[in-house]
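Student: One structure follows; several queries about it will come next.
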Amino acid sequence: MRNFLTSDKNQERSAVLWNAFSAMMNSFQTTILLIVLTRAGTDTDSGIFVMAYAVGNLMLQVGKYGVRQFQVTDTAEVYTFRDYVAARGLTVGLMLLASFGYAGYTLLSGQYTAQKAAVVLLICLVKAVEAFEDVLHGRLQQTGRLDIAGRILGIRLFLFIVLYALLFLETRDLLLTSLISLLITLALSVFMNWNVRGYLNDQENPAADGRASVGEKTSKGEGAQMGKQRVRSLLLACAPLCVSACLNMYVANAPKYIIDSVVSAREQTALNIVFMPVFVIALLGNFIFQPILKRLGLLWHEKRTREFGGIVGRLAGIVALLTVVIAIAGYWLGLPLLELVYGVDLSAYRMVLLVFILDGGIIAMHNLLLLVITILRRQSRMIYGYIAAALALFLFGTSVLKRWGIMALCLYFTFVLAMLMLYFLLVICWKHREAEG
């Protein structure tokens, strides 16, 4: 297993291929499993699963704390790997508290049944495993071994999808399926990451602990105190990224939350199916960005701003082209294909699908701009835009849906996303002008 995971005949090509595979598994896991649940289960099963994944992905942002891009682009290694691991232990602990608190509150308040609360909690625990694993993979990417991280994540997600689908088909029990899948996910993650532990090395950096030179000695107590200070500093630096990631997840899922509170279970299932392209495009965009993330960090660190801007422009063009191609294919082929796969009548949602595809492209563009803003170390500026977007959707989204219908909500959602993208562009342009000046 160790030889397979760490094979390095062509690291660059392997990194691209395995990152593509893991990105596809990540992009399509909800889609594939929803197909199985829609075909083999009930509308209630589908509704519980969709909400469990929505809540789980939101909690995942708390666990990850927005650190991955910051970690990979920490080219000077101001913070050590141990700092990142210690910080991740704290954020995953916070994620677990939030997950148990949410499940308990929704159960006691009567919003969720016992089954729904338990399934939501189990999916959150699956995401907790992913959150901790992410800091290990961040280190692998930071040291040029994205190929190993891609292998582990891709294989684990593939096995999770297959096993979850087979377990549900065999048991028709969403709760039991989620429990067994959690245990298997934990075992796989521990087994595969343990096999590559030799690549998770830490390199001491004098800048990281405030010493004038590597040779200067400190006591164990002083070293521990410095470590705590660095972890605290890291958490403060990434706090805007965490808040932005959580708000980003809320904003991206806002139509789903709004629809969940207004429409029937059957209509909710249909709209959730049509909403799938939003995350497929957004997650596929991440596949394009990840392999080049470290290079962008180095270019900015070396003040090669023109080359940096050129790469970002090309990535934006790829996202735009991908969105247009998927929109054209989606308009003519999307609904018949989705109806065939899911067995649900979606004929009333052709234009809704088209608008959601556009929204997916805008969210993918958001992810690219967030990556750039993180490299520029202007992450604190993200929060203002996300707060405005979240408030706009939270305060007015339900009213728009009730008064003018689902199409109006889609267009309102698109408008909010476009304004948020414009804000991010202004932040980047301002910083770029400062750098060139």
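Just remember, in the structure tokens the first chain shown is A, the second B, etc., residues are 1-based per chain, and ligands are 1-based in the order shown.
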Name all residues at most 8 Å from A:Lys64 (count only C-alpha atoms; drop same-chain ones fewer than 5 positions away) and give them as an MDAnalysis selection string.

Tutor: chainID A and resid 88 91:92 131:132 134:135 242

Student: How would the residues just chosen look if you wrote them out with all heavy atoms as a PDB file, in the first residue's frame?

Tutor:
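Now in result39.pdb:
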ATOM      1  N   ARG A  88      -5.567  22.523  13.862  1.00  0.00           N
ATOM      2  CA  ARG A  88      -6.656  21.714  13.296  1.00  0.00           C
ATOM      3  C   ARG A  88      -7.334  20.867  14.361  1.00  0.00           C
ATOM      4  O   ARG A  88      -8.544  20.644  14.310  1.00  0.00           O
ATOM      5  CB  ARG A  88      -6.112  20.816  12.175  1.00  0.00           C
ATOM      6  CG  ARG A  88      -7.189  20.028  11.411  1.00  0.00           C
ATOM      7  CD  ARG A  88      -8.257  20.954  10.797  1.00  0.00           C
ATOM      8  NE  ARG A  88      -7.678  21.962   9.954  1.00  0.00           N
ATOM      9  CZ  ARG A  88      -7.485  21.827   8.648  1.00  0.00           C
ATOM     10  NH1 ARG A  88      -7.825  20.722   8.041  1.00  0.00           N
ATOM     11  NH2 ARG A  88      -6.969  22.821   7.957  1.00  0.00           N
ATOM     12  N   THR A  91      -9.854  23.181  15.893  1.00  0.00           N
ATOM     13  CA  THR A  91     -10.998  23.526  15.037  1.00  0.00           C
ATOM     14  C   THR A  91     -11.915  22.326  14.799  1.00  0.00           C
ATOM     15  O   THR A  91     -13.131  22.486  14.698  1.00  0.00           O
ATOM     16  CB  THR A  91     -10.522  24.097  13.688  1.00  0.00           C
ATOM     17  OG1 THR A  91      -9.697  23.146  13.008  1.00  0.00           O
ATOM     18  CG2 THR A  91      -9.728  25.380  13.910  1.00  0.00           C
ATOM     19  N   VAL A  92     -11.325  21.129  14.715  1.00  0.00           N
ATOM     20  CA  VAL A  92     -12.162  19.926  14.582  1.00  0.00           C
ATOM     21  C   VAL A  92     -12.950  19.701  15.869  1.00  0.00           C
ATOM     22  O   VAL A  92     -14.122  19.293  15.836  1.00  0.00           O
ATOM     23  CB  VAL A  92     -11.314  18.689  14.222  1.00  0.00           C
ATOM     24  CG1 VAL A  92     -12.143  17.410  14.321  1.00  0.00           C
ATOM     25  CG2 VAL A  92     -10.754  18.823  12.813  1.00  0.00           C
ATOM     26  N   ALA A 131     -12.037  16.686   7.605  1.00  0.00           N
ATOM     27  CA  ALA A 131     -11.451  17.956   8.046  1.00  0.00           C
ATOM     28  C   ALA A 131     -10.057  17.753   8.627  1.00  0.00           C
ATOM     29  O   ALA A 131      -9.131  18.518   8.334  1.00  0.00           O
ATOM     30  CB  ALA A 131     -12.358  18.634   9.075  1.00  0.00           C
ATOM     31  N   PHE A 132      -9.890  16.725   9.461  1.00  0.00           N
ATOM     32  CA  PHE A 132      -8.562  16.494  10.034  1.00  0.00           C
ATOM     33  C   PHE A 132      -7.592  15.985   8.976  1.00  0.00           C
ATOM     34  O   PHE A 132      -6.423  16.380   8.940  1.00  0.00           O
ATOM     35  CB  PHE A 132      -8.626  15.506  11.201  1.00  0.00           C
ATOM     36  CG  PHE A 132      -7.329  15.443  11.956  1.00  0.00           C
ATOM     37  CD1 PHE A 132      -7.030  16.401  12.904  1.00  0.00           C
ATOM     38  CD2 PHE A 132      -6.400  14.456  11.686  1.00  0.00           C
ATOM     39  CE1 PHE A 132      -5.811  16.373  13.587  1.00  0.00           C
ATOM     40  CE2 PHE A 132      -5.186  14.409  12.350  1.00  0.00           C
ATOM     41  CZ  PHE A 132      -4.895  15.384  13.317  1.00  0.00           C
ATOM     42  N   ASP A 134      -7.515  16.774   6.001  1.00  0.00           N
ATOM     43  CA  ASP A 134      -7.175  17.880   5.110  1.00  0.00           C
ATOM     44  C   ASP A 134      -5.865  18.561   5.507  1.00  0.00           C
ATOM     45  O   ASP A 134      -5.100  18.994   4.646  1.00  0.00           O
ATOM     46  CB  ASP A 134      -8.321  18.895   5.112  1.00  0.00           C
ATOM     47  CG  ASP A 134      -8.034  20.099   4.238  1.00  0.00           C
ATOM     48  OD1 ASP A 134      -8.056  19.955   3.003  1.00  0.00           O
ATOM     49  OD2 ASP A 134      -7.781  21.200   4.793  1.00  0.00           O
ATOM     50  N   VAL A 135      -5.578  18.671   6.806  1.00  0.00           N
ATOM     51  CA  VAL A 135      -4.332  19.336   7.218  1.00  0.00           C
ATOM     52  C   VAL A 135      -3.121  18.471   6.875  1.00  0.00           C
ATOM     53  O   VAL A 135      -2.043  18.994   6.567  1.00  0.00           O
ATOM     54  CB  VAL A 135      -4.356  19.673   8.730  1.00  0.00           C
ATOM     55  CG1 VAL A 135      -4.121  18.447   9.597  1.00  0.00           C
ATOM     56  CG2 VAL A 135      -3.324  20.752   9.050  1.00  0.00           C
ATOM     57  N   CYS A 242     -12.170  31.269   7.882  1.00  0.00           N
ATOM     58  CA  CYS A 242     -13.186  30.368   8.421  1.00  0.00           C
ATOM     59  C   CYS A 242     -14.567  30.985   8.327  1.00  0.00           C
ATOM     60  O   CYS A 242     -15.521  30.359   7.854  1.00  0.00           O
ATOM     61  CB  CYS A 242     -12.855  30.013   9.868  1.00  0.00           C
ATOM     62  SG  CYS A 242     -14.105  28.977  10.659  1.00  0.00           S
TER      63      CYS A 242
END

Student: Within 9 Å of stretch 138-155 of chain A, which residues of stretch 247-338 of chain A show up? Give each one with its shortest atom-to-atom distance in Å (one decimal) and the two atoms involved, counting only C-alpha atoms, rows by chain then rising residue number, as a Markdown table.

Tutor:
| residue | atom | partner | partner_atom | distance |
| --- | --- | --- | --- | --- |
| A:Gln290 | CA | A:Leu146 | CA | 8.7 |
| A:Pro291 | CA | A:Leu146 | CA | 7.4 |
| A:Lys294 | CA | A:Gln142 | CA | 6.9 |

Student: Write out the residues from the selection above, keeping all heavy atoms, as a PDB file, in the first residue's frame.

Tutor:
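Result went into result-v5.pdb, see below:
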ATOM      1  N   GLN A 290      -6.314  23.610  -7.694  1.00  0.00           N
ATOM      2  CA  GLN A 290      -5.432  23.012  -6.690  1.00  0.00           C
ATOM      3  C   GLN A 290      -4.000  22.768  -7.168  1.00  0.00           C
ATOM      4  O   GLN A 290      -3.043  23.119  -6.462  1.00  0.00           O
ATOM      5  CB  GLN A 290      -6.033  21.707  -6.159  1.00  0.00           C
ATOM      6  CG  GLN A 290      -7.090  21.864  -5.087  1.00  0.00           C
ATOM      7  CD  GLN A 290      -6.540  22.447  -3.799  1.00  0.00           C
ATOM      8  OE1 GLN A 290      -5.340  22.457  -3.558  1.00  0.00           O
ATOM      9  NE2 GLN A 290      -7.438  22.938  -2.959  1.00  0.00           N
ATOM     10  N   PRO A 291      -3.786  22.156  -8.349  1.00  0.00           N
ATOM     11  CA  PRO A 291      -2.401  21.844  -8.745  1.00  0.00           C
ATOM     12  C   PRO A 291      -1.522  23.080  -8.911  1.00  0.00           C
ATOM     13  O   PRO A 291      -0.293  22.976  -8.823  1.00  0.00           O
ATOM     14  CB  PRO A 291      -2.583  21.108 -10.084  1.00  0.00           C
ATOM     15  CG  PRO A 291      -3.962  20.574 -10.040  1.00  0.00           C
ATOM     16  CD  PRO A 291      -4.761  21.596  -9.287  1.00  0.00           C
ATOM     17  N   LYS A 294       0.287  26.196  -5.246  1.00  0.00           N
ATOM     18  CA  LYS A 294       1.620  26.464  -4.696  1.00  0.00           C
ATOM     19  C   LYS A 294       2.415  27.381  -5.613  1.00  0.00           C
ATOM     20  O   LYS A 294       3.127  28.294  -5.153  1.00  0.00           O
ATOM     21  CB  LYS A 294       2.369  25.151  -4.468  1.00  0.00           C
ATOM     22  CG  LYS A 294       3.709  25.347  -3.787  1.00  0.00           C
ATOM     23  CD  LYS A 294       4.433  24.036  -3.557  1.00  0.00           C
ATOM     24  CE  LYS A 294       5.791  24.276  -2.898  1.00  0.00           C
ATOM     25  NZ  LYS A 294       6.529  23.008  -2.692  1.00  0.00           N
TER      26      LYS A 294
END

Student: Do you know which residues are at most 7 Å from stretch 157-161 of chain A counting only C-alpha atoms, after dropping those on the same chain fewer than 3 positions away, and could you put them as a list in words?

Tutor: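 Final neighbour list, sorted by chain and number: Met25, Asn26, Gln29, Leu33, Leu153, Gly154, Tyr164, Ala165, Ser181 and Thr185 of chain A.
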
Student: Go through stretch 317-356 of chain A residue by residue and, counting only C-alpha atoms, keep those with an atom at most 12 Å from stretch 366-371 of chain A; for each kept residue give the shortest atom pair and its distance in Å to one decimal, ordered by chain and increasing number, as JSON lines.

Tutor:
{"residue": "A:Gly317", "atom": "CA", "partner": "A:Leu368", "partner_atom": "CA", "distance": 11.1}
{"residue": "A:Ile318", "atom": "CA", "partner": "A:Leu368", "partner_atom": "CA", "distance": 11.1}
{"residue": "A:Val319", "atom": "CA", "partner": "A:Leu368", "partner_atom": "CA", "distance": 9.1}
{"residue": "A:Ala320", "atom": "CA", "partner": "A:Leu368", "partner_atom": "CA", "distance": 11.6}

Student: Find the residues near A:Ile383: any atom within 8 Å, counting only C-alpha atoms, skip ones fewer than 6 places away on the same chain, and give them as a list in words.

Tutor: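 Using only C-alpha atoms, the neighbours found are Pro240, Val243 and Ser244 of chain A.
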
Student: Next, write the just-selected residues to a file, as a PDB file, in the first residue's frame, keeping all heavy atoms as the atom set.

Tutor:
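As written to disk, part-v6.pdb reads:
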ATOM      1  N   PRO A 240     -10.729  35.032   9.549  1.00  0.00           N
ATOM      2  CA  PRO A 240     -11.554  35.561   8.450  1.00  0.00           C
ATOM      3  C   PRO A 240     -11.843  34.525   7.372  1.00  0.00           C
ATOM      4  O   PRO A 240     -12.920  34.534   6.770  1.00  0.00           O
ATOM      5  CB  PRO A 240     -10.698  36.714   7.897  1.00  0.00           C
ATOM      6  CG  PRO A 240      -9.796  37.098   9.013  1.00  0.00           C
ATOM      7  CD  PRO A 240      -9.501  35.819   9.730  1.00  0.00           C
ATOM      8  N   VAL A 243     -14.676  32.231   8.782  1.00  0.00           N
ATOM      9  CA  VAL A 243     -15.969  32.916   8.730  1.00  0.00           C
ATOM     10  C   VAL A 243     -16.448  33.036   7.287  1.00  0.00           C
ATOM     11  O   VAL A 243     -17.616  32.778   6.972  1.00  0.00           O
ATOM     12  CB  VAL A 243     -15.870  34.311   9.378  1.00  0.00           C
ATOM     13  CG1 VAL A 243     -17.179  35.079   9.203  1.00  0.00           C
ATOM     14  CG2 VAL A 243     -15.527  34.191  10.859  1.00  0.00           C
ATOM     15  N   SER A 244     -15.523  33.393   6.393  1.00  0.00           N
ATOM     16  CA  SER A 244     -15.884  33.525   4.983  1.00  0.00           C
ATOM     17  C   SER A 244     -16.301  32.192   4.382  1.00  0.00           C
ATOM     18  O   SER A 244     -17.245  32.129   3.589  1.00  0.00           O
ATOM     19  CB  SER A 244     -14.700  34.106   4.195  1.00  0.00           C
ATOM     20  OG  SER A 244     -14.392  35.408   4.635  1.00  0.00           O
TER      21      SER A 244
END

Student: So, counting only C-alpha atoms, which residue among A:Ala329, A:Met276, A:Met351, A:Val129 is closest to A:Asn253?

Tutor: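 Nearest to A:Asn253: A:Met276.
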
Student: With only C-alpha atoms as the basis for distance, which of A:Leu353, A:Ala270, A:Ala15, A:Ala245 is at the shortest distance from A:Met407?

Tutor: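 Using only C-alpha atoms, the shortest distance to A:Met407 belongs to A:Leu353.
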
Student: List the spatial neighbours of stretch 225-238 of chain A as a PyMOL selection string - criterion: any atom at most 7 Å away, only C-alpha atoms, same-chain residues fewer than 6 positions off excluded.

Tutor: chain A and resi 65-67+79+83+86-87+209

Student: Would you save the residues of that selection, restricted to C-alpha atoms, as a compact mmCIF listing (two decimals), in the first residue's frame?

Tutor:
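What follows is the written file result.txt:
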# COMPACT_ATOMS: atom_id res chain seq x y z
CA TYR A 65 -11.14 26.74 9.25
CA GLY A 66 -10.13 27.99 5.80
CA VAL A 67 -6.52 26.97 6.48
CA TYR A 79 4.21 28.23 10.76
CA ASP A 83 1.38 24.37 14.41
CA ALA A 86 -2.44 21.66 16.69
CA ALA A 87 -4.69 24.34 15.23
CA ASP A 209 9.40 30.53 16.64

Student: Give the answer as one residue: which of A:Ser46, A:Thr113, A:Gln11, A:Ser99 has the shortest atom-to-atom distance to A:Leu60, using only C-alpha atoms?

Tutor: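 Closest to A:Leu60, using only C-alpha atoms: A:Ser99.
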
Student: Could you write out, as a VMD selection string, all the residues of stretch 29-153 of chain A that DSSP marks as helix (DSSP H, G or I)?

Tutor: chain A and resid 29 to 40 43 to 64 67 to 72 81 to 108 114 to 142 146 to 153

Student: For A:Arg350, work out the shell of residues within 9 Å, counting only C-alpha atoms and skipping chain neighbours fewer than 5 positions away, then give it as a VMD selection string.

Tutor: chain A and resid 274 330 to 332 334 to 335 355

Student: Nearest residue to A:Gly198 out of A:Leu174, A:Leu5, A:Cys124, A:Leu409, using only C-alpha atoms?

Tutor: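 Looking only at the distances to A:Gly198, the closest residue turns out to be A:Leu5.
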
Student: For A:Leu169, which residue among A:Ala40, A:Met1, A:Leu94, A:Ala118 is the nearest when counting only C-alpha atoms?

Tutor: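 Residue with the minimum atom-to-atom distance to A:Leu169: A:Ala40.
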
Student: Name all residues at most 9 Å from A:Met419 (count only C-alpha atoms; drop same-chain ones fewer than 5 positions away) and give them as a list in words.

Tutor: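 Once the adjacent positions are removed, what remains is Gly385, Ala389, Thr414 and Phe424 of chain A.
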
Student: Please compute the atom CA of A:Val344-atom CA of A:Tyr250 distance, one decimal, in Å.

Tutor: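 Between atom CA of A:Val344 and atom CA of A:Tyr250 the gap works out to 26.6 Å.
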
Student: Find the distance between atom CA of A:Ala348 and atom CA of A:Thr30 and write it in Å to one decimal.

Tutor: 22.8 Å

Student: Just how far from atom CA of A:Arg156 is atom CA of A:Thr171, in Å to one decimal?

Tutor: 21.8 Å

Student: Measuring between only C-alpha atoms, which one of A:Leu358, A:Ile373, A:Val126, A:Phe21 shows the shortest distance to A:Leu425?

Tutor: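 Looking at the shortest contact to A:Leu425, the residue is A:Ile373.
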